[in-house]
Amino acid sequence: MRFYPNCFLAVTFVFGTLSYAQFPGQVELKIESSNRTLTVNAQAEVTADPDTAILNIGFETNPSDAQSAYAEGTRTSNAIIAAVKQAGVSESAIHSETQHLDRDYSVPKSHKFKLVQQWTVKTDPAHVAQVLDAAVTAGASVSGEIEWTVKDPAALDAQALENAATRAKDDAAALAKGMGVRLGALVYVSRIGEPQVMPMRGRVMAMAKTQNDQPLAIEPGKVTRTATVSAVYSIE
């Protein structure tokens, strides 16, 4: 997993008396002239290559009477799952998301129905095009989003938090030096907000293809995790 750090800095230099509670839920600090402080907010963004692709595959039958729609849907459903497994996806990596028999409302007063079914399939990013190709060949007429993610997002989150804390400490020291004061002890530190996960998604509408067509060229996106910390230091 490769990381690509990206940080920003927000700084407050405080003298005098001030109640410090800049963010909701943050502890309020009484900052007085006898307790001069320096406040640093730092954010770090860590980006990694995905090790997991979550592919949405599905289909809907042509409008017909309910019994015929269900029968056609059953055949298509079984064919798609068999093809996906044949492409190397384990049964435990296939999850049903929705399946329902709907009246065809595109035609007023229609008495025809269509069966709609969709799954999410976890696979290796290198094989996602092959899995999609197998599903489409077997009858998956529509695919949804492809989500690029990682198996251990907590590790990515920890790396972002560590980078943010390091950046806050380094920038506090640099700021104190620039202002001609000495950085003292850490008074308070907290994480601001919840971890932010920004998985990359791509949407592909699966169309019918011929037997000789090659699978789609699909390039995985990056996975990003962001953390922000607020640190208060005394200054001497």
# chains A, B, ... in the order shown; residues from 1 in each chain; ligands from 1
call {"tool": "select_by_dssp", "arguments": {"residues": "stretch 64-162 of chain A", "states": "helix (DSSP H, G or I)", "output": "VMD selection string"}}
result
chain A and resid 66 to 86 91 to 93 125 to 137 153 to 162
call {"tool": "residues_around", "arguments": {"residues": "A:Val128", "least_positions_apart": "4", "cutoff": "9 Å", "atoms": "only C-alpha atoms", "output": "PyMOL selection string"}}
result
chain A and resi 53-55+122-124+132-133+146+218
call {"tool": "closest_atom_pairs", "arguments": {"of": "stretch 31-62 of chain A", "to": "stretch 111-119 of chain A", "cutoff": "10 Å", "atoms": "only C-alpha atoms", "output": "Markdown table"}}
result
| residue | atom | partner | partner_atom | distance |
| --- | --- | --- | --- | --- |
| A:Ile54 | CA | A:Trp119 | CA | 9.9 |
| A:Leu55 | CA | A:Trp119 | CA | 8.1 |
| A:Asn56 | CA | A:Trp119 | CA | 5.7 |
| A:Ile57 | CA | A:Trp119 | CA | 5.5 |
| A:Gly58 | CA | A:Gln118 | CA | 4.0 |
| A:Phe59 | CA | A:Gln117 | CA | 5.7 |
| A:Glu60 | CA | A:Val116 | CA | 4.3 |
| A:Thr61 | CA | A:Lys114 | CA | 5.2 |
| A:Asn62 | CA | A:Lys114 | CA | 5.9 |
call {"tool": "closest_residue", "arguments": {"among": "A:Thr166, A:Ser190, A:Gln130, A:Gln214", "to": "A:Lys85", "atoms": "only C-alpha atoms"}}
result
A:Gln130
call {"tool": "residues_around", "arguments": {"residues": "A:Arg167", "least_positions_apart": "3", "cutoff": "10 Å", "atoms": "only C-alpha atoms", "output": "list of chain:residue names"}}
result
A:Cys7, A:Phe8, A:Leu9, A:Val40, A:Asn41, A:Ala42, A:Gln43, A:Ala44, A:Leu161, A:Glu162, A:Asn163, A:Ala164, A:Asp170, A:Asp171, A:Ala172, A:Ala173, A:Val229
call {"tool": "write_last_selection", "arguments": {"atoms": "N, CA and C atoms", "output": "short mmCIF file (atom, residue, chain, number, x, y, z; two decimals), in the first residue's frame"}}
result
data_model
loop_
_atom_site.label_atom_id
_atom_site.label_comp_id
_atom_site.auth_asym_id
_atom_site.auth_seq_id
_atom_site.Cartn_x
_atom_site.Cartn_y
_atom_site.Cartn_z
N CYS A 7 -1.03 17.87 3.18
CA CYS A 7 -1.41 18.49 4.43
C CYS A 7 -1.73 19.97 4.25
N PHE A 8 -2.55 20.51 5.18
CA PHE A 8 -2.70 21.94 5.27
C PHE A 8 -2.60 22.35 6.71
N LEU A 9 -2.40 23.65 6.95
CA LEU A 9 -2.14 24.15 8.30
C LEU A 9 -3.01 25.36 8.58
N VAL A 40 -2.50 25.22 16.93
CA VAL A 40 -2.24 24.78 15.55
C VAL A 40 -3.28 23.76 15.15
N ASN A 41 -3.91 23.97 14.00
CA ASN A 41 -4.79 22.98 13.39
C ASN A 41 -4.10 22.44 12.15
N ALA A 42 -4.00 21.16 12.04
CA ALA A 42 -3.31 20.55 10.89
C ALA A 42 -4.13 19.39 10.33
N GLN A 43 -4.16 19.31 9.03
CA GLN A 43 -4.88 18.22 8.36
C GLN A 43 -3.91 17.44 7.48
N ALA A 44 -4.07 16.13 7.47
CA ALA A 44 -3.25 15.27 6.61
C ALA A 44 -4.15 14.37 5.79
N LEU A 161 -3.91 10.15 10.67
CA LEU A 161 -3.91 10.80 11.98
C LEU A 161 -2.49 11.04 12.47
N GLU A 162 -1.61 10.07 12.30
CA GLU A 162 -0.22 10.23 12.69
C GLU A 162 0.44 11.37 11.92
N ASN A 163 0.17 11.43 10.61
CA ASN A 163 0.75 12.49 9.79
C ASN A 163 0.24 13.87 10.21
N ALA A 164 -1.06 13.95 10.55
CA ALA A 164 -1.62 15.23 10.99
C ALA A 164 -1.01 15.68 12.30
N ASP A 170 5.35 19.89 14.17
CA ASP A 170 6.42 20.54 13.41
C ASP A 170 6.08 21.99 13.12
N ASP A 171 4.84 22.25 12.73
CA ASP A 171 4.46 23.61 12.39
C ASP A 171 4.37 24.51 13.62
N ALA A 172 3.98 23.93 14.75
CA ALA A 172 3.97 24.71 15.99
C ALA A 172 5.39 25.15 16.35
N ALA A 173 6.35 24.25 16.20
CA ALA A 173 7.74 24.57 16.50
C ALA A 173 8.27 25.65 15.55
N VAL A 229 -6.29 17.44 13.24
CA VAL A 229 -6.06 17.55 14.68
C VAL A 229 -5.92 19.01 15.07
#
call {"tool": "residues_around", "arguments": {"residues": "A:Gln159", "least_positions_apart": "2", "cutoff": "10 Å", "atoms": "only C-alpha atoms", "output": "PyMOL selection string"}}
result
chain A and resi 3+5+44-47+153-157+161-165+225-227
call {"tool": "write_last_selection", "arguments": {"atoms": "N, CA and C atoms", "output": "tab-separated table (two decimals), in the first residue's frame"}}
result
chain	number	residue	atom	x	y	z
A	3	PHE	N	1.43	5.39	0.21
A	3	PHE	CA	0.77	6.55	0.77
A	3	PHE	C	1.26	7.81	0.07
A	5	PRO	N	1.00	11.64	1.09
A	5	PRO	CA	0.51	12.61	2.06
A	5	PRO	C	0.27	13.97	1.44
A	44	ALA	N	-4.07	16.13	7.47
A	44	ALA	CA	-3.25	15.27	6.61
A	44	ALA	C	-4.15	14.37	5.79
A	45	GLU	N	-3.79	14.22	4.56
A	45	GLU	CA	-4.54	13.37	3.63
A	45	GLU	C	-3.61	12.27	3.13
A	46	VAL	N	-4.03	11.04	3.31
A	46	VAL	CA	-3.22	9.89	2.89
A	46	VAL	C	-3.95	9.17	1.76
A	47	THR	N	-3.23	8.91	0.70
A	47	THR	CA	-3.82	8.25	-0.47
A	47	THR	C	-3.09	6.94	-0.73
A	153	PRO	N	-9.12	-0.22	6.24
A	153	PRO	CA	-9.21	1.24	6.26
A	153	PRO	C	-8.71	1.84	7.57
A	154	ALA	N	-8.74	1.06	8.66
A	154	ALA	CA	-8.27	1.58	9.95
A	154	ALA	C	-6.78	1.91	9.87
A	155	ALA	N	-6.01	1.12	9.15
A	155	ALA	CA	-4.57	1.38	9.01
A	155	ALA	C	-4.34	2.67	8.25
A	156	LEU	N	-5.15	2.91	7.23
A	156	LEU	CA	-5.04	4.14	6.45
A	156	LEU	C	-5.43	5.34	7.31
A	157	ASP	N	-6.46	5.17	8.12
A	157	ASP	CA	-6.91	6.22	9.02
A	157	ASP	C	-5.83	6.56	10.05
A	161	LEU	N	-3.91	10.15	10.67
A	161	LEU	CA	-3.91	10.80	11.98
A	161	LEU	C	-2.49	11.04	12.47
A	162	GLU	N	-1.61	10.07	12.30
A	162	GLU	CA	-0.22	10.23	12.69
A	162	GLU	C	0.44	11.37	11.92
A	163	ASN	N	0.17	11.43	10.61
A	163	ASN	CA	0.75	12.49	9.79
A	163	ASN	C	0.24	13.87	10.21
A	164	ALA	N	-1.06	13.95	10.55
A	164	ALA	CA	-1.62	15.23	10.99
A	164	ALA	C	-1.01	15.68	12.30
A	165	ALA	N	-0.82	14.74	13.23
A	165	ALA	CA	-0.21	15.08	14.52
A	165	ALA	C	1.24	15.53	14.35
A	225	ARG	N	-7.85	8.90	2.75
A	225	ARG	CA	-8.31	9.03	4.13
A	225	ARG	C	-7.76	10.35	4.68
A	226	THR	N	-8.61	11.12	5.35
A	226	THR	CA	-8.22	12.44	5.84
A	226	THR	C	-8.44	12.54	7.35
A	227	ALA	N	-7.49	13.16	8.06
A	227	ALA	CA	-7.61	13.39	9.49
A	227	ALA	C	-7.18	14.80	9.81
call {"tool": "select_by_dssp", "arguments": {"residues": "stretch 24-115 of chain A", "states": "strand (DSSP E or B)", "output": "PyMOL selection string"}}
result
chain A and resi 29-31+37-48+52-60+64+94-103+113-115
call {"tool": "residues_around", "arguments": {"residues": "A:Pro125", "least_positions_apart": "4", "cutoff": "9 Å", "atoms": "only C-alpha atoms", "output": "mmCIF file with N, CA and C atoms, in the first residue's frame"}}
result
data_model
loop_
_atom_site.group_PDB
_atom_site.id
_atom_site.type_symbol
_atom_site.label_atom_id
_atom_site.label_comp_id
_atom_site.auth_asym_id
_atom_site.auth_seq_id
_atom_site.Cartn_x
_atom_site.Cartn_y
_atom_site.Cartn_z
ATOM 1 N N PRO A 50 -5.888 0.985 -4.222
ATOM 2 C CA PRO A 50 -6.893 0.054 -3.699
ATOM 3 C C PRO A 50 -6.436 -1.392 -3.793
ATOM 4 N N ASP A 51 -6.893 -2.197 -2.829
ATOM 5 C CA ASP A 51 -6.638 -3.627 -2.914
ATOM 6 C C ASP A 51 -7.940 -4.414 -3.058
ATOM 7 N N THR A 52 -9.064 -3.694 -3.142
ATOM 8 C CA THR A 52 -10.375 -4.331 -3.277
ATOM 9 C C THR A 52 -11.261 -3.497 -4.198
ATOM 10 N N ALA A 53 -11.978 -4.175 -5.060
ATOM 11 C CA ALA A 53 -12.976 -3.517 -5.904
ATOM 12 C C ALA A 53 -14.344 -4.094 -5.556
ATOM 13 N N ILE A 54 -15.316 -3.218 -5.341
ATOM 14 C CA ILE A 54 -16.684 -3.647 -5.085
ATOM 15 C C ILE A 54 -17.509 -3.281 -6.310
ATOM 16 N N ALA A 129 -12.421 -6.031 -14.438
ATOM 17 C CA ALA A 129 -12.879 -5.988 -15.833
ATOM 18 C C ALA A 129 -13.283 -7.379 -16.316
ATOM 19 N N TRP A 148 -13.607 1.572 -5.331
ATOM 20 C CA TRP A 148 -12.233 1.155 -5.057
ATOM 21 C C TRP A 148 -11.958 1.413 -3.579
ATOM 22 N N ILE A 218 -10.465 -0.804 -17.550
ATOM 23 C CA ILE A 218 -10.860 -0.139 -16.309
ATOM 24 C C ILE A 218 -9.628 0.135 -15.475
ATOM 25 N N GLU A 219 -9.421 1.397 -15.123
ATOM 26 C CA GLU A 219 -8.274 1.796 -14.317
ATOM 27 C C GLU A 219 -8.722 2.110 -12.895
ATOM 28 N N PRO A 220 -8.160 1.439 -11.884
ATOM 29 C CA PRO A 220 -8.554 1.708 -10.494
ATOM 30 C C PRO A 220 -8.230 3.132 -10.071
#
call {"tool": "closest_residue", "arguments": {"among": "A:Ala82, A:His127, A:Pro63, A:Ser77", "to": "A:Asp104", "atoms": "only C-alpha atoms"}}
result
A:Pro63
call {"tool": "atom_distance", "arguments": {"atom1": "atom CA of A:Ala176", "atom2": "atom CA of A:Glu236"}}
result
9.3 Å
call {"tool": "atom_distance", "arguments": {"atom1": "atom CA of A:Val142", "atom2": "atom CA of A:Gly73"}}
result
13.7 Å
call {"tool": "atom_distance", "arguments": {"atom1": "atom CA of A:Leu183", "atom2": "atom CA of A:Tyr233"}}
result
6.9 Å
call {"tool": "closest_residue", "arguments": {"among": "A:Ser234, A:Ser143, A:Thr228, A:Ser90", "to": "A:Ala185", "atoms": "only C-alpha atoms"}}
result
A:Ser234
